[in-house]
Amino acid sequence: MDSFAKTVFSAIQPSGTITIGNYFGAIKNWVELQNKHNCIFALADLHTITVMQDPAKLKRNTLEAYALLLACGINVEKSLFFIQSHVNTHAQLSWILDCYTQFGELSRMTQFKDKSKKHVDNINCGLFSYPVLMVADILLYQADMVPIGLDQKQHLELTRTVAERFNFLYGETFKVPEAYIPKNGARIMSLQDPCKKMSKSDENLNSWVAILDSSDNIIKKFKRAVTDSESCVRYDESKPGISNLITIYSCATGKSFDEIEKEFDGVGYGIFKEAIGECIAENLSAVQHRFSEFIQDKSYLEKCYKESAERALCLSDKTLKNVIEKIGFVK
Ligand code: TRP
């Protein structure tokens with residue numbers, strides 16, 4: 001690692017299907033960051049139980065997400081990649097930081113407001129303090145940089161506030177992290193309503209593409225993607241449908257918008273939609289192939305997540321011990 005190497009922390013919830021929105025918006029960036037920085041990645045299973053989970057499904061989703069991220073290129077020789085609940089320091093620091101976060105601050109979190117509208121019968125305390133667990137995740141590793149989607153920006157601002165508050169009260173304890181929001185691909189939109197973010201919880205199954213969807217299905221979904229009534233393949237913010245497709249194609253091929261517009265100059269949307277469907281299907285088939293190998297090798301998966309968890313515990317425990325000392329708990 002060179003002297004520009006930073007500590008990067010990020011996490012994703014293993015709560016089911018992982019879409020190409022997650023892939024192009026987050027995971028692909030993680031894979032690239034591994035080559036330059038000290039990366040620490042987690043599956044945030046503690047976060048998932050803020051909404052009701054079926055135990056058998058949660059277990060299966062967690063193992064599948066682990067295998068899938070390895071298949072996408074997360075490399076445990078370069079990075080730490082662990083399951084959050086395996087590393088006890090997260091829950092411990094989270095409790096402590098609860099006591100340095102104000103009720104009013106958490107009440108203002110837009111994700112809490114949205115989720116409590118959606119889960120009216122289960123507005124539990126964990127859903128409310130969820131951002132503090134995220135604060136703990138990040139601060140435990142003294143992270144410099146946190147790759148996140150726009151929807152997590154407010155939580156990162158809270159992380160900075162809590163870190164600064166604690167440092168002010170007790171002296172330098174936590175590094176104050178920066179958000180890292182990649183320019184391209186940060187927001188892949190729904191294929192059916194391109195003004196909404198692509199989300200696996202969308203009831204319209206044609207609106208999102210899962211990494212593990214079959215090739216036929218992927219091609220079909222792109223064919224059905226909603227665009228406007230014109231037919232010139234050009235990126236234009238006032239035409240969110242075609243612009244979203246161009247963004248996705250650019251993420252998958254590395255080509256610039258200009259290059260894409262030239263490539264499809266004079267052909268209609270139909271041909272472009274077919275090309276993008278085939279391209280994504282091909283892109284993902286390599287990932288799917290690797291996934292099917294990893295998911296069958298449970299002992300390899302276990303070895304990877306156990307070793308990472310041990311190392312993560314070691315690193316995070318230094319921060320936790322320091323916090324405990326500063327607060328005045330008897331060691
Ligand atoms: N809350 C994040 C999400 O739902 C996942 C997450 C948990 C996270 N802990 C984190 C992201 C720490 C970045 C850093 O997307």
# chains A, B, ... in the order shown; residues from 1 in each chain; ligands from 1

$ residues_near_ligand --ligand "ligand 1" --cutoff "7 Å" --atoms "only C-alpha atoms and all ligand atoms" --output "PyMOL selection string"
chain A and resi 9-13+44+47+133-135+137-138+146-148+152

$ write_last_selection --atoms "all heavy atoms" --output "short mmCIF file (atom, residue, chain, number, x, y, z; two decimals), in the first residue's frame"
data_model
loop_
_atom_site.label_atom_id
_atom_site.label_comp_id
_atom_site.auth_asym_id
_atom_site.auth_seq_id
_atom_site.Cartn_x
_atom_site.Cartn_y
_atom_site.Cartn_z
N PHE A 9 -14.29 2.09 4.55
CA PHE A 9 -15.25 1.16 5.15
C PHE A 9 -16.58 1.30 4.43
O PHE A 9 -17.05 2.40 4.17
CB PHE A 9 -15.47 1.44 6.64
CG PHE A 9 -16.42 0.43 7.26
CD1 PHE A 9 -15.95 -0.72 7.84
CD2 PHE A 9 -17.80 0.61 7.17
CE1 PHE A 9 -16.83 -1.69 8.35
CE2 PHE A 9 -18.69 -0.34 7.67
CZ PHE A 9 -18.20 -1.49 8.26
N SER A 10 -17.20 0.15 4.12
CA SER A 10 -18.58 0.20 3.66
C SER A 10 -19.28 -1.11 3.98
O SER A 10 -18.62 -2.11 4.30
CB SER A 10 -18.68 0.52 2.17
OG SER A 10 -19.98 1.00 1.88
N ALA A 11 -20.58 -1.08 3.92
CA ALA A 11 -21.36 -2.28 4.24
C ALA A 11 -22.62 -2.29 3.41
O ALA A 11 -23.08 -1.26 2.91
CB ALA A 11 -21.70 -2.31 5.73
N ILE A 12 -23.18 -3.48 3.28
CA ILE A 12 -24.43 -3.64 2.53
C ILE A 12 -25.29 -4.61 3.32
O ILE A 12 -24.78 -5.51 3.98
CB ILE A 12 -24.12 -4.14 1.10
CG1 ILE A 12 -25.34 -4.13 0.20
CG2 ILE A 12 -23.51 -5.52 1.10
CD1 ILE A 12 -25.01 -4.38 -1.27
N GLN A 13 -26.59 -4.40 3.26
CA GLN A 13 -27.48 -5.30 4.00
C GLN A 13 -27.77 -6.56 3.19
O GLN A 13 -28.11 -6.46 2.02
CB GLN A 13 -28.80 -4.60 4.28
CG GLN A 13 -28.68 -3.47 5.27
CD GLN A 13 -30.04 -3.06 5.78
OE1 GLN A 13 -30.85 -3.87 6.18
NE2 GLN A 13 -30.28 -1.76 5.77
N ALA A 44 -24.11 -6.16 6.62
CA ALA A 44 -24.72 -5.56 7.81
C ALA A 44 -25.96 -6.34 8.23
O ALA A 44 -27.08 -5.86 8.09
CB ALA A 44 -25.02 -4.10 7.55
N HIS A 47 -28.16 -4.76 10.95
CA HIS A 47 -29.09 -3.74 10.46
C HIS A 47 -30.38 -4.34 9.90
O HIS A 47 -31.43 -3.70 9.95
CB HIS A 47 -28.42 -2.89 9.35
CG HIS A 47 -27.52 -1.81 9.87
ND1 HIS A 47 -26.16 -1.99 10.08
CD2 HIS A 47 -27.78 -0.53 10.23
CE1 HIS A 47 -25.64 -0.87 10.53
NE2 HIS A 47 -26.59 0.04 10.64
N LEU A 133 -25.78 2.61 14.81
CA LEU A 133 -25.03 1.37 14.53
C LEU A 133 -24.11 1.59 13.33
O LEU A 133 -22.97 1.15 13.31
CB LEU A 133 -26.01 0.22 14.28
CG LEU A 133 -25.42 -1.14 13.96
CD1 LEU A 133 -24.46 -1.62 15.05
CD2 LEU A 133 -26.54 -2.18 13.77
N MET A 134 -24.63 2.31 12.37
CA MET A 134 -23.82 2.63 11.19
C MET A 134 -22.65 3.54 11.57
O MET A 134 -21.52 3.37 11.09
CB MET A 134 -24.73 3.28 10.16
CG MET A 134 -24.12 3.46 8.82
SD MET A 134 -25.41 3.82 7.58
CE MET A 134 -24.41 4.77 6.45
N VAL A 135 -22.90 4.48 12.47
CA VAL A 135 -21.84 5.35 12.97
C VAL A 135 -20.74 4.50 13.62
O VAL A 135 -19.54 4.66 13.34
CB VAL A 135 -22.40 6.36 14.01
CG1 VAL A 135 -21.26 7.11 14.69
CG2 VAL A 135 -23.39 7.32 13.37
N ASP A 137 -20.10 1.27 13.11
CA ASP A 137 -19.42 0.48 12.07
C ASP A 137 -18.23 1.25 11.51
O ASP A 137 -17.13 0.72 11.34
CB ASP A 137 -20.35 0.23 10.86
CG ASP A 137 -21.54 -0.67 11.18
OD1 ASP A 137 -21.51 -1.37 12.20
OD2 ASP A 137 -22.51 -0.64 10.37
N ILE A 138 -18.49 2.50 11.21
CA ILE A 138 -17.50 3.32 10.50
C ILE A 138 -16.38 3.77 11.44
O ILE A 138 -15.20 3.65 11.14
CB ILE A 138 -18.19 4.55 9.88
CG1 ILE A 138 -19.22 4.09 8.83
CG2 ILE A 138 -17.18 5.51 9.28
CD1 ILE A 138 -20.20 5.18 8.40
N VAL A 146 -15.89 6.64 3.10
CA VAL A 146 -17.02 5.71 3.18
C VAL A 146 -17.83 5.77 1.88
O VAL A 146 -18.59 6.71 1.66
CB VAL A 146 -17.93 6.05 4.39
CG1 VAL A 146 -19.02 5.01 4.55
CG2 VAL A 146 -17.11 6.17 5.66
N PRO A 147 -17.67 4.78 1.01
CA PRO A 147 -18.48 4.76 -0.21
C PRO A 147 -19.93 4.48 0.14
O PRO A 147 -20.22 3.48 0.79
CB PRO A 147 -17.90 3.60 -1.04
CG PRO A 147 -16.72 3.08 -0.29
CD PRO A 147 -16.76 3.64 1.09
N ILE A 148 -20.81 5.37 -0.28
CA ILE A 148 -22.24 5.20 0.02
C ILE A 148 -23.08 5.72 -1.15
O ILE A 148 -22.60 6.50 -1.97
CB ILE A 148 -22.68 6.01 1.27
CG1 ILE A 148 -22.07 7.41 1.25
CG2 ILE A 148 -22.40 5.27 2.55
CD1 ILE A 148 -22.70 8.37 2.22
N GLN A 152 -27.72 7.40 1.83
CA GLN A 152 -27.05 7.22 3.12
C GLN A 152 -26.26 8.47 3.55
O GLN A 152 -25.56 8.46 4.55
CB GLN A 152 -26.09 6.02 3.07
CG GLN A 152 -26.78 4.70 2.78
CD GLN A 152 -27.74 4.31 3.88
OE1 GLN A 152 -27.45 4.46 5.07
NE2 GLN A 152 -28.92 3.82 3.51
#

$ closest_atom_pairs --of "stretch 17-109 of chain A" --to "stretch 194-201 of chain A" --cutoff "9 Å" --atoms "only C-alpha atoms" --output "JSON lines"
{"residue": "A:Thr17", "atom": "CA", "partner": "A:Lys200", "partner_atom": "CA", "distance": 6.5}
{"residue": "A:Ile18", "atom": "CA", "partner": "A:Lys200", "partner_atom": "CA", "distance": 7.5}
{"residue": "A:Thr19", "atom": "CA", "partner": "A:Lys200", "partner_atom": "CA", "distance": 6.7}
{"residue": "A:Ile20", "atom": "CA", "partner": "A:Met198", "partner_atom": "CA", "distance": 8.5}
{"residue": "A:Gly21", "atom": "CA", "partner": "A:Met198", "partner_atom": "CA", "distance": 6.1}
{"residue": "A:Asn22", "atom": "CA", "partner": "A:Met198", "partner_atom": "CA", "distance": 8.8}

$ write_last_selection --atoms "N, CA, C and O atoms" --output "PDB file, in the first residue's frame"
ATOM      1  N   THR A  17     -32.458 -10.135  -2.601  1.00  0.00           N
ATOM      2  CA  THR A  17     -31.931  -9.941  -3.938  1.00  0.00           C
ATOM      3  C   THR A  17     -30.963  -8.766  -4.040  1.00  0.00           C
ATOM      4  O   THR A  17     -31.232  -7.675  -3.518  1.00  0.00           O
ATOM      5  N   ILE A  18     -29.864  -8.964  -4.732  1.00  0.00           N
ATOM      6  CA  ILE A  18     -28.960  -7.854  -5.016  1.00  0.00           C
ATOM      7  C   ILE A  18     -29.134  -7.492  -6.495  1.00  0.00           C
ATOM      8  O   ILE A  18     -29.071  -8.345  -7.369  1.00  0.00           O
ATOM      9  N   THR A  19     -29.406  -6.222  -6.734  1.00  0.00           N
ATOM     10  CA  THR A  19     -29.757  -5.792  -8.099  1.00  0.00           C
ATOM     11  C   THR A  19     -28.550  -5.188  -8.820  1.00  0.00           C
ATOM     12  O   THR A  19     -27.513  -4.927  -8.207  1.00  0.00           O
ATOM     13  N   ILE A  20     -28.739  -4.941 -10.122  1.00  0.00           N
ATOM     14  CA  ILE A  20     -27.666  -4.260 -10.859  1.00  0.00           C
ATOM     15  C   ILE A  20     -27.498  -2.827 -10.359  1.00  0.00           C
ATOM     16  O   ILE A  20     -26.462  -2.219 -10.576  1.00  0.00           O
ATOM     17  N   GLY A  21     -28.501  -2.303  -9.667  1.00  0.00           N
ATOM     18  CA  GLY A  21     -28.347  -0.988  -9.032  1.00  0.00           C
ATOM     19  C   GLY A  21     -27.273  -1.060  -7.950  1.00  0.00           C
ATOM     20  O   GLY A  21     -26.392  -0.211  -7.881  1.00  0.00           O
ATOM     21  N   ASN A  22     -27.344  -2.100  -7.121  1.00  0.00           N
ATOM     22  CA  ASN A  22     -26.311  -2.302  -6.090  1.00  0.00           C
ATOM     23  C   ASN A  22     -24.958  -2.590  -6.752  1.00  0.00           C
ATOM     24  O   ASN A  22     -23.914  -2.138  -6.281  1.00  0.00           O
TER      25      ASN A  22
END

$ select_by_dssp --residues "stretch 34-216 of chain A" --states "strand (DSSP E or B)" --output "PyMOL selection string"
chain A and resi 38-43+80-83+145-147+178-180+189+197+210

$ residues_around --residues "A:Phe264" --least-positions-apart "6" --cutoff "12 Å" --atoms "only C-alpha atoms" --output "ChimeraX atom specification"
/A:231-235,246,249,257-258,270-276

$ residues_around --residues "stretch 110-126 of chain A" --least-positions-apart "2" --cutoff "10 Å" --atoms "only C-alpha atoms" --output "number ranges by chain"
A: 46-52, 106-108, 128-133, 151-152, 154-155

$ write_last_selection --atoms "N, CA and C atoms" --output "compact mmCIF listing (two decimals), in the first residue's frame"
# COMPACT_ATOMS: atom_id res chain seq x y z
N LEU A 46 -26.82 -7.11 11.32
CA LEU A 46 -27.46 -6.49 12.49
C LEU A 46 -28.48 -5.43 12.04
N HIS A 47 -28.16 -4.76 10.95
CA HIS A 47 -29.09 -3.74 10.46
C HIS A 47 -30.38 -4.34 9.90
N THR A 48 -30.30 -5.55 9.36
CA THR A 48 -31.49 -6.09 8.69
C THR A 48 -32.64 -6.37 9.64
N ILE A 49 -32.33 -6.68 10.92
CA ILE A 49 -33.43 -7.07 11.81
C ILE A 49 -34.22 -5.87 12.34
N THR A 50 -33.90 -4.68 11.86
CA THR A 50 -34.75 -3.53 12.19
C THR A 50 -36.11 -3.66 11.49
N VAL A 51 -36.18 -4.50 10.46
CA VAL A 51 -37.49 -4.91 9.94
C VAL A 51 -37.57 -6.42 10.10
N MET A 52 -38.79 -6.94 10.25
CA MET A 52 -38.99 -8.36 10.55
C MET A 52 -38.34 -9.24 9.49
N LEU A 106 -31.90 11.86 15.67
CA LEU A 106 -32.39 10.64 15.02
C LEU A 106 -33.81 10.84 14.47
N SER A 107 -34.58 11.68 15.14
CA SER A 107 -35.95 11.94 14.66
C SER A 107 -35.94 12.62 13.30
N ARG A 108 -34.85 13.29 12.98
CA ARG A 108 -34.79 14.01 11.70
C ARG A 108 -34.30 13.15 10.53
N PHE A 128 -35.09 3.08 14.93
CA PHE A 128 -34.80 4.46 15.29
C PHE A 128 -33.30 4.69 15.44
N SER A 129 -32.61 3.75 16.10
CA SER A 129 -31.19 3.99 16.38
C SER A 129 -30.26 3.36 15.34
N TYR A 130 -30.85 2.79 14.30
CA TYR A 130 -30.10 2.21 13.18
C TYR A 130 -28.92 3.08 12.71
N PRO A 131 -29.12 4.41 12.56
CA PRO A 131 -27.98 5.21 12.10
C PRO A 131 -26.80 5.18 13.07
N VAL A 132 -27.06 4.98 14.35
CA VAL A 132 -25.95 4.98 15.32
C VAL A 132 -25.12 3.71 15.15
N LEU A 133 -25.78 2.61 14.81
CA LEU A 133 -25.03 1.37 14.53
C LEU A 133 -24.11 1.59 13.33
N ASP A 151 -28.67 7.95 -0.66
CA ASP A 151 -29.68 7.74 0.39
C ASP A 151 -29.04 7.60 1.77
N GLN A 152 -27.72 7.40 1.83
CA GLN A 152 -27.05 7.22 3.12
C GLN A 152 -26.26 8.47 3.55
N GLN A 154 -27.16 11.37 4.72
CA GLN A 154 -27.55 11.97 6.01
C GLN A 154 -26.95 11.17 7.17
N HIS A 155 -26.89 9.85 7.01
CA HIS A 155 -26.30 9.01 8.06
C HIS A 155 -24.80 9.27 8.19

$ select_by_dssp --residues "stretch 5-246 of chain A" --states "helix (DSSP H, G or I)" --output "MDAnalysis selection string"
chainID A and resid 20:33 45:48 55:72 84:86 89:98 103:107 110:118 125:139 150:170 205:207 215:223 240:246

$ closest_residue --among "A:Cys99, A:Leu63, A:Ile327, A:Leu212" --to "A:Leu169" --atoms "only C-alpha atoms"
A:Ile327

$ residues_around --residues "A:Asn283" --least-positions-apart "3" --cutoff "12 Å" --atoms "only C-alpha atoms" --output "NGL selection string"
:A and (20 or 23-24 or 72 or 211-215 or 218 or 248-249 or 251-254 or 276-280 or 286-289)

$ atom_distance --atom1 "atom CA of A:Val8" --atom2 "atom CA of A:Leu80"
10.3 Å

$ closest_residue --among "A:Ala5, A:Leu313, A:Phe168, A:Val226" --to "A:Cys39" --atoms "only C-alpha atoms"
A:Ala5

$ atom_distance --atom1 "atom CA of A:Leu156" --atom2 "atom CA of A:Lys78"
24.9 Å
